[in-house]
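Colleague: Okay, so here is upload15.cif, and as you'll see once you scroll down, it has mmCIF, N, CA and C atoms; chains and numbers go by the auth columns.
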```
data_work
loop_
_atom_site.group_PDB
_atom_site.id
_atom_site.type_symbol
_atom_site.label_atom_id
_atom_site.label_comp_id
_atom_site.label_asym_id
_atom_site.label_seq_id
_atom_site.Cartn_x
_atom_site.Cartn_y
_atom_site.Cartn_z
_atom_site.B_iso_or_equiv
_atom_site.auth_seq_id
_atom_site.auth_asym_id
ATOM 1 N N MET A 1 -53.694 67.349 115.656 0.00 1 G
ATOM 2 C CA MET A 1 -54.820 67.928 114.965 0.00 1 G
ATOM 3 C C MET A 1 -54.296 68.503 113.654 0.00 1 G
ATOM 4 N N ILE A 2 -54.985 68.224 112.596 0.00 2 G
ATOM 5 C CA ILE A 2 -54.624 68.745 111.288 0.00 2 G
ATOM 6 C C ILE A 2 -55.728 69.680 110.834 0.00 2 G
ATOM 7 N N VAL A 3 -55.349 70.920 110.528 0.00 3 G
ATOM 8 C CA VAL A 3 -56.318 71.917 110.084 0.00 3 G
ATOM 9 C C VAL A 3 -55.871 72.400 108.708 0.00 3 G
ATOM 10 N N PRO A 4 -56.436 71.830 107.640 0.00 4 G
ATOM 11 C CA PRO A 4 -55.958 72.151 106.303 0.00 4 G
ATOM 12 C C PRO A 4 -56.435 73.497 105.756 0.00 4 G
ATOM 13 N N GLY A 5 -57.439 74.081 106.345 0.00 5 G
ATOM 14 C CA GLY A 5 -57.976 75.324 105.797 0.00 5 G
ATOM 15 C C GLY A 5 -59.134 75.047 104.858 0.00 5 G
ATOM 16 N N ALA A 6 -59.519 76.056 104.128 0.00 6 G
ATOM 17 C CA ALA A 6 -60.660 75.931 103.221 0.00 6 G
ATOM 18 C C ALA A 6 -60.252 75.207 101.952 0.00 6 G
ATOM 19 N N PHE A 7 -61.126 74.362 101.448 0.00 7 G
ATOM 20 C CA PHE A 7 -60.898 73.692 100.171 0.00 7 G
ATOM 21 C C PHE A 7 -61.465 74.592 99.083 0.00 7 G
ATOM 22 N N THR A 8 -60.582 75.389 98.531 0.00 8 G
ATOM 23 C CA THR A 8 -61.031 76.393 97.575 0.00 8 G
ATOM 24 C C THR A 8 -60.922 75.938 96.131 0.00 8 G
ATOM 25 N N LYS A 9 -60.192 74.876 95.880 0.00 9 G
ATOM 26 C CA LYS A 9 -59.967 74.431 94.507 0.00 9 G
ATOM 27 C C LYS A 9 -61.288 73.994 93.873 0.00 9 G
ATOM 28 N N GLY A 10 -61.690 74.696 92.821 0.00 10 G
ATOM 29 C CA GLY A 10 -62.903 74.346 92.103 0.00 10 G
ATOM 30 C C GLY A 10 -64.178 74.841 92.750 0.00 10 G
ATOM 31 N N THR A 11 -64.084 75.604 93.839 0.00 11 G
ATOM 32 C CA THR A 11 -65.299 76.035 94.515 0.00 11 G
ATOM 33 C C THR A 11 -65.509 77.535 94.512 0.00 11 G
ATOM 34 N N ASN A 12 -64.438 78.311 94.312 0.00 12 G
ATOM 35 C CA ASN A 12 -64.518 79.766 94.421 0.00 12 G
ATOM 36 C C ASN A 12 -65.134 80.125 95.779 0.00 12 G
ATOM 37 N N HIS A 13 -64.658 79.438 96.788 0.00 13 G
ATOM 38 C CA HIS A 13 -65.189 79.468 98.143 0.00 13 G
ATOM 39 C C HIS A 13 -65.432 80.877 98.680 0.00 13 G
ATOM 40 N N PHE A 14 -64.409 81.709 98.661 0.00 14 G
ATOM 41 C CA PHE A 14 -64.541 83.021 99.293 0.00 14 G
ATOM 42 C C PHE A 14 -65.396 83.989 98.484 0.00 14 G
ATOM 43 N N ALA A 15 -65.403 83.834 97.177 0.00 15 G
ATOM 44 C CA ALA A 15 -66.235 84.714 96.349 0.00 15 G
ATOM 45 C C ALA A 15 -67.712 84.454 96.578 0.00 15 G
ATOM 46 N N HIS A 16 -68.060 83.234 96.991 0.00 16 G
ATOM 47 C CA HIS A 16 -69.466 82.876 97.200 0.00 16 G
ATOM 48 C C HIS A 16 -69.812 82.665 98.668 0.00 16 G
ATOM 49 N N SER A 17 -68.983 83.190 99.555 0.00 17 G
ATOM 50 C CA SER A 17 -69.277 83.016 100.976 0.00 17 G
ATOM 51 C C SER A 17 -70.506 83.842 101.362 0.00 17 G
ATOM 52 N N GLY A 18 -71.123 83.458 102.455 0.00 18 G
ATOM 53 C CA GLY A 18 -72.361 84.103 102.886 0.00 18 G
ATOM 54 C C GLY A 18 -72.144 85.495 103.444 0.00 18 G
ATOM 55 N N SER A 19 -73.231 86.174 103.673 0.00 19 G
ATOM 56 C CA SER A 19 -73.190 87.495 104.294 0.00 19 G
ATOM 57 C C SER A 19 -74.223 87.522 105.415 0.00 19 G
ATOM 58 N N PRO A 20 -74.074 88.452 106.348 0.00 20 G
ATOM 59 C CA PRO A 20 -74.995 88.499 107.483 0.00 20 G
ATOM 60 C C PRO A 20 -76.444 88.704 107.048 0.00 20 G
ATOM 61 N N ALA A 21 -77.358 88.036 107.727 0.00 21 G
ATOM 62 C CA ALA A 21 -78.780 88.206 107.440 0.00 21 G
ATOM 63 C C ALA A 21 -79.300 89.537 107.988 0.00 21 G
ATOM 64 N N ASP A 22 -78.666 90.011 109.071 0.00 22 G
ATOM 65 C CA ASP A 22 -79.074 91.269 109.702 0.00 22 G
ATOM 66 C C ASP A 22 -78.395 92.428 108.960 0.00 22 G
ATOM 67 N N LYS A 23 -79.027 92.911 107.914 0.00 23 G
ATOM 68 C CA LYS A 23 -78.428 93.937 107.059 0.00 23 G
ATOM 69 C C LYS A 23 -78.177 95.252 107.799 0.00 23 G
ATOM 70 N N ASP A 24 -79.056 95.607 108.739 0.00 24 G
ATOM 71 C CA ASP A 24 -78.863 96.848 109.500 0.00 24 G
ATOM 72 C C ASP A 24 -77.600 96.768 110.348 0.00 24 G
ATOM 73 N N ARG A 25 -77.393 95.641 111.022 0.00 25 G
ATOM 74 C CA ARG A 25 -76.198 95.457 111.855 0.00 25 G
ATOM 75 C C ARG A 25 -74.941 95.424 110.982 0.00 25 G
ATOM 76 N N ALA A 26 -75.017 94.761 109.840 0.00 26 G
ATOM 77 C CA ALA A 26 -73.881 94.713 108.924 0.00 26 G
ATOM 78 C C ALA A 26 -73.514 96.120 108.458 0.00 26 G
ATOM 79 N N ALA A 27 -74.524 96.944 108.184 0.00 27 G
ATOM 80 C CA ALA A 27 -74.268 98.328 107.760 0.00 27 G
ATOM 81 C C ALA A 27 -73.570 99.115 108.860 0.00 27 G
ATOM 82 N N GLU A 28 -73.952 98.885 110.122 0.00 28 G
ATOM 83 C CA GLU A 28 -73.283 99.559 111.241 0.00 28 G
ATOM 84 C C GLU A 28 -71.798 99.212 111.270 0.00 28 G
ATOM 85 N N TYR A 29 -71.472 97.944 111.064 0.00 29 G
ATOM 86 C CA TYR A 29 -70.069 97.531 111.036 0.00 29 G
ATOM 87 C C TYR A 29 -69.349 98.147 109.841 0.00 29 G
ATOM 88 N N ASP A 30 -70.013 98.164 108.694 0.00 30 G
ATOM 89 C CA ASP A 30 -69.398 98.693 107.477 0.00 30 G
ATOM 90 C C ASP A 30 -69.090 100.183 107.591 0.00 30 G
ATOM 91 N N GLN A 31 -69.849 100.889 108.416 0.00 31 G
ATOM 92 C CA GLN A 31 -69.659 102.328 108.550 0.00 31 G
ATOM 93 C C GLN A 31 -68.840 102.689 109.787 0.00 31 G
ATOM 94 N N GLY A 32 -68.505 101.699 110.605 0.00 32 G
ATOM 95 C CA GLY A 32 -67.768 101.948 111.846 0.00 32 G
ATOM 96 C C GLY A 32 -66.273 101.728 111.681 0.00 32 G
ATOM 97 N N PRO A 33 -65.602 101.430 112.789 0.00 33 G
ATOM 98 C CA PRO A 33 -64.144 101.251 112.755 0.00 33 G
ATOM 99 C C PRO A 33 -63.687 100.051 111.932 0.00 33 G
ATOM 100 N N TYR A 34 -64.594 99.138 111.616 0.00 34 G
ATOM 101 C CA TYR A 34 -64.244 97.958 110.819 0.00 34 G
ATOM 102 C C TYR A 34 -64.607 98.130 109.348 0.00 34 G
ATOM 103 N N ALA A 35 -64.835 99.348 108.923 0.00 35 G
ATOM 104 C CA ALA A 35 -65.229 99.610 107.534 0.00 35 G
ATOM 105 C C ALA A 35 -64.201 99.018 106.572 0.00 35 G
ATOM 106 N N GLY A 36 -64.684 98.220 105.639 0.00 36 G
ATOM 107 C CA GLY A 36 -63.823 97.647 104.612 0.00 36 G
ATOM 108 C C GLY A 36 -63.061 96.397 105.001 0.00 36 G
ATOM 109 N N VAL A 37 -63.046 96.047 106.284 0.00 37 G
ATOM 110 C CA VAL A 37 -62.271 94.885 106.727 0.00 37 G
ATOM 111 C C VAL A 37 -62.782 93.575 106.117 0.00 37 G
ATOM 112 N N PRO A 38 -64.090 93.306 106.119 0.00 38 G
ATOM 113 C CA PRO A 38 -64.550 92.041 105.523 0.00 38 G
ATOM 114 C C PRO A 38 -64.153 91.891 104.059 0.00 38 G
ATOM 115 N N ASP A 39 -64.320 92.939 103.269 0.00 39 G
ATOM 116 C CA ASP A 39 -63.950 92.860 101.848 0.00 39 G
ATOM 117 C C ASP A 39 -62.456 92.657 101.679 0.00 39 G
ATOM 118 N N GLN A 40 -61.677 93.374 102.473 0.00 40 G
ATOM 119 C CA GLN A 40 -60.221 93.243 102.392 0.00 40 G
ATOM 120 C C GLN A 40 -59.794 91.819 102.772 0.00 40 G
ATOM 121 N N ALA A 41 -60.389 91.263 103.825 0.00 41 G
ATOM 122 C CA ALA A 41 -60.048 89.908 104.261 0.00 41 G
ATOM 123 C C ALA A 41 -60.430 88.881 103.196 0.00 41 G
ATOM 124 N N LEU A 42 -61.621 89.003 102.636 0.00 42 G
ATOM 125 C CA LEU A 42 -62.057 88.049 101.611 0.00 42 G
ATOM 126 C C LEU A 42 -61.190 88.124 100.360 0.00 42 G
ATOM 127 N N LYS A 43 -60.790 89.322 99.966 0.00 43 G
ATOM 128 C CA LYS A 43 -59.912 89.464 98.799 0.00 43 G
ATOM 129 C C LYS A 43 -58.563 88.816 99.061 0.00 43 G
ATOM 130 N N GLY A 44 -58.033 89.011 100.279 0.00 44 G
ATOM 131 C CA GLY A 44 -56.754 88.390 100.625 0.00 44 G
ATOM 132 C C GLY A 44 -56.854 86.875 100.663 0.00 44 G
ATOM 133 N N LEU A 45 -57.905 86.355 101.256 0.00 45 G
ATOM 134 C CA LEU A 45 -58.094 84.908 101.338 0.00 45 G
ATOM 135 C C LEU A 45 -58.269 84.292 99.955 0.00 45 G
ATOM 136 N N ALA A 46 -58.922 85.013 99.063 0.00 46 G
ATOM 137 C CA ALA A 46 -59.163 84.498 97.716 0.00 46 G
ATOM 138 C C ALA A 46 -57.871 84.353 96.923 0.00 46 G
ATOM 139 N N THR A 47 -56.820 85.061 97.325 0.00 47 G
ATOM 140 C CA THR A 47 -55.552 84.968 96.597 0.00 47 G
ATOM 141 C C THR A 47 -54.694 83.801 97.069 0.00 47 G
ATOM 142 N N LEU A 48 -55.092 83.147 98.146 0.00 48 G
ATOM 143 C CA LEU A 48 -54.318 82.018 98.654 0.00 48 G
ATOM 144 C C LEU A 48 -54.342 80.867 97.659 0.00 48 G
ATOM 145 N N GLU A 49 -53.287 80.093 97.667 0.00 49 G
ATOM 146 C CA GLU A 49 -53.240 78.924 96.792 0.00 49 G
ATOM 147 C C GLU A 49 -54.337 77.954 97.206 0.00 49 G
ATOM 148 N N PRO A 50 -55.091 77.447 96.259 0.00 50 G
ATOM 149 C CA PRO A 50 -56.186 76.536 96.605 0.00 50 G
ATOM 150 C C PRO A 50 -55.699 75.269 97.313 0.00 50 G
ATOM 151 N N ALA A 51 -56.408 74.886 98.336 0.00 51 G
ATOM 152 C CA ALA A 51 -56.104 73.637 99.038 0.00 51 G
ATOM 153 C C ALA A 51 -56.569 72.464 98.179 0.00 51 G
ATOM 154 N N ASP A 52 -55.810 71.397 98.206 0.00 52 G
ATOM 155 C CA ASP A 52 -56.152 70.196 97.445 0.00 52 G
ATOM 156 C C ASP A 52 -56.528 69.097 98.430 0.00 52 G
ATOM 157 N N ALA A 53 -57.774 68.680 98.417 0.00 53 G
ATOM 158 C CA ALA A 53 -58.262 67.686 99.375 0.00 53 G
ATOM 159 C C ALA A 53 -57.471 66.388 99.306 0.00 53 G
ATOM 160 N N GLY A 54 -57.026 66.000 98.132 0.00 54 G
ATOM 161 C CA GLY A 54 -56.255 64.766 97.987 0.00 54 G
ATOM 162 C C GLY A 54 -54.932 64.820 98.731 0.00 54 G
ATOM 163 N N SER A 55 -54.219 65.946 98.647 0.00 55 G
ATOM 164 C CA SER A 55 -52.938 66.055 99.350 0.00 55 G
ATOM 165 C C SER A 55 -53.138 66.104 100.856 0.00 55 G
ATOM 166 N N VAL A 56 -54.251 66.670 101.297 0.00 56 G
ATOM 167 C CA VAL A 56 -54.550 66.684 102.728 0.00 56 G
ATOM 168 C C VAL A 56 -54.810 65.263 103.217 0.00 56 G
ATOM 169 N N ALA A 57 -55.551 64.493 102.444 0.00 57 G
ATOM 170 C CA ALA A 57 -55.836 63.104 102.818 0.00 57 G
ATOM 171 C C ALA A 57 -54.548 62.292 102.917 0.00 57 G
ATOM 172 N N VAL A 58 -53.634 62.474 101.983 0.00 58 G
ATOM 173 C CA VAL A 58 -52.352 61.760 102.018 0.00 58 G
ATOM 174 C C VAL A 58 -51.571 62.145 103.267 0.00 58 G
ATOM 175 N N THR A 59 -51.565 63.415 103.614 0.00 59 G
ATOM 176 C CA THR A 59 -50.864 63.878 104.813 0.00 59 G
ATOM 177 C C THR A 59 -51.463 63.258 106.068 0.00 59 G
ATOM 178 N N ILE A 60 -52.775 63.190 106.147 0.00 60 G
ATOM 179 C CA ILE A 60 -53.429 62.590 107.313 0.00 60 G
ATOM 180 C C ILE A 60 -53.033 61.113 107.440 0.00 60 G
ATOM 181 N N VAL A 61 -53.039 60.379 106.341 0.00 61 G
ATOM 182 C CA VAL A 61 -52.637 58.966 106.357 0.00 61 G
ATOM 183 C C VAL A 61 -51.186 58.841 106.822 0.00 61 G
ATOM 184 N N ASP A 62 -50.315 59.717 106.329 0.00 62 G
ATOM 185 C CA ASP A 62 -48.911 59.692 106.737 0.00 62 G
ATOM 186 C C ASP A 62 -48.753 59.947 108.232 0.00 62 G
ATOM 187 N N VAL A 63 -49.473 60.931 108.745 0.00 63 G
ATOM 188 C CA VAL A 63 -49.386 61.253 110.172 0.00 63 G
ATOM 189 C C VAL A 63 -49.883 60.085 111.013 0.00 63 G
ATOM 190 N N ILE A 64 -51.008 59.515 110.642 0.00 64 G
ATOM 191 C CA ILE A 64 -51.553 58.382 111.396 0.00 64 G
ATOM 192 C C ILE A 64 -50.586 57.209 111.352 0.00 64 G
ATOM 193 N N GLY A 65 -50.012 56.937 110.197 0.00 65 G
ATOM 194 C CA GLY A 65 -49.052 55.846 110.080 0.00 65 G
ATOM 195 C C GLY A 65 -47.815 56.069 110.923 0.00 65 G
ATOM 196 N N THR A 66 -47.353 57.309 110.998 0.00 66 G
ATOM 197 C CA THR A 66 -46.165 57.640 111.784 0.00 66 G
ATOM 198 C C THR A 66 -46.437 57.524 113.275 0.00 66 G
ATOM 199 N N LEU A 67 -47.613 57.964 113.690 0.00 67 G
ATOM 200 C CA LEU A 67 -47.922 58.024 115.120 0.00 67 G
ATOM 201 C C LEU A 67 -48.602 56.771 115.655 0.00 67 G
ATOM 202 N N ARG A 68 -48.944 55.855 114.784 0.00 68 G
ATOM 203 C CA ARG A 68 -49.751 54.702 115.185 0.00 68 G
ATOM 204 C C ARG A 68 -49.173 53.959 116.387 0.00 68 G
ATOM 205 N N HIS A 69 -47.893 53.761 116.403 0.00 69 G
ATOM 206 C CA HIS A 69 -47.275 53.012 117.493 0.00 69 G
ATOM 207 C C HIS A 69 -46.701 53.921 118.573 0.00 69 G
ATOM 208 N N LYS A 70 -46.856 55.219 118.419 0.00 70 G
ATOM 209 C CA LYS A 70 -46.303 56.165 119.378 0.00 70 G
ATOM 210 C C LYS A 70 -47.376 56.910 120.157 0.00 70 G
ATOM 211 N N ALA A 71 -48.598 56.857 119.682 0.00 71 G
ATOM 212 C CA ALA A 71 -49.658 57.655 120.297 0.00 71 G
ATOM 213 C C ALA A 71 -50.012 57.140 121.684 0.00 71 G
ATOM 214 N N VAL A 72 -50.267 58.069 122.555 0.00 72 G
ATOM 215 C CA VAL A 72 -50.734 57.737 123.906 0.00 72 G
ATOM 216 C C VAL A 72 -52.219 58.030 123.936 0.00 72 G
ATOM 217 N N LEU A 73 -53.001 56.996 124.107 0.00 73 G
ATOM 218 C CA LEU A 73 -54.443 57.165 124.118 0.00 73 G
ATOM 219 C C LEU A 73 -54.928 57.398 125.539 0.00 73 G
ATOM 220 N N ARG A 74 -55.754 58.375 125.691 0.00 74 G
ATOM 221 C CA ARG A 74 -56.328 58.633 127.017 0.00 74 G
ATOM 222 C C ARG A 74 -57.582 57.798 127.174 0.00 74 G
ATOM 223 N N PRO A 75 -57.787 57.236 128.342 0.00 75 G
ATOM 224 C CA PRO A 75 -59.004 56.426 128.549 0.00 75 G
ATOM 225 C C PRO A 75 -60.245 57.306 128.464 0.00 75 G
ATOM 226 N N HIS A 76 -61.278 56.733 127.892 0.00 76 G
ATOM 227 C CA HIS A 76 -62.550 57.457 127.777 0.00 76 G
ATOM 228 C C HIS A 76 -63.188 57.551 129.156 0.00 76 G
ATOM 229 N N ARG A 77 -63.583 58.729 129.506 0.00 77 G
ATOM 230 C CA ARG A 77 -64.277 58.939 130.790 0.00 77 G
ATOM 231 C C ARG A 77 -65.636 59.563 130.502 0.00 77 G
ATOM 232 N N PRO A 78 -66.686 58.869 130.858 0.00 78 G
ATOM 233 C CA PRO A 78 -68.020 59.432 130.618 0.00 78 G
ATOM 234 C C PRO A 78 -68.206 60.748 131.351 0.00 78 G
ATOM 235 N N VAL A 79 -68.939 61.638 130.736 0.00 79 G
ATOM 236 C CA VAL A 79 -69.177 62.952 131.343 0.00 79 G
ATOM 237 C C VAL A 79 -70.330 62.871 132.304 0.00 79 G
#
```
I need this file expressed as structure tokens, please.
Modeller:
Amino acid sequence: MIVPGAFTKGTNHFAHSGSPADKDRAAEYDQGPYAGVPDQALKGLATLEPADAGSVAVTIVDVIGTLRHKAVLRPHRPV
């Protein structure tokens, strides 16, 4: 499994991320033991180096090419 993270390059992903629709509940969190955590987390995430979708695609192709003859496929079993 390959998990590249957020594709932030050219999107300003974290600066424009959504917020809870339930403003009263969000205020409870903001005033409780988690006060400031969402803002701190978003600021930290925004400083990460932007992911490049092209390099992720190349890595996926490389992994598939490497494992193509080594992978053990499990038989499909209907649920």
Colleague: Between atom N of Gly18 (chain G) and atom N of Gln31 (chain G), what is the distance in Å, rounded to a tenth?
Modeller: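 It comes out at 18.5 Å.
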Colleague: Could the centre and edge lengths of an axis-aligned box, enclosing all atoms of region 55-70 of chain G in the file with 4 Å extra on each side, be given in Å to one decimal as AutoDock Vina command-line options?
Modeller:
```
--center_x -51.0 --center_y 59.8 --center_z 109.4 --size_x 17.7 --size_y 21.7 --size_z 29.5
```
Colleague: Could you please write out, as a list in words, every residue of region 19-59 of chain G that DSSP assigns to helix (DSSP H, G or I)?
Modeller: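 Result set for region 19-59 of chain G (helix (DSSP H, G or I)): Lys23, Asp24, Arg25, Ala26, Ala27, Glu28, Tyr29, Asp30, Gln31, Val37, Pro38, Asp39, Gln40, Ala41, Leu42, Lys43, Gly44, Leu45, Ala46, Ala53, Gly54, Ser55, Val56, Ala57, Val58 and Thr59 of chain G.
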Colleague: Would you compute the distance between CA of Ala35 (chain G) and atom N of Ser19 (chain G)? Give it in Å to one decimal.
Modeller: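 Result for CA of Ala35 (chain G) versus atom N of Ser19 (chain G): 16.1 Å, one decimal.
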Colleague: Calculate how many Å separate CA of Pro4 (chain G) from atom C of Ala53 (chain G), rounding to one decimal.
Modeller: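 Atom-to-atom, CA of Pro4 (chain G) and atom C of Ala53 (chain G) are spaced 9.2 Å apart.
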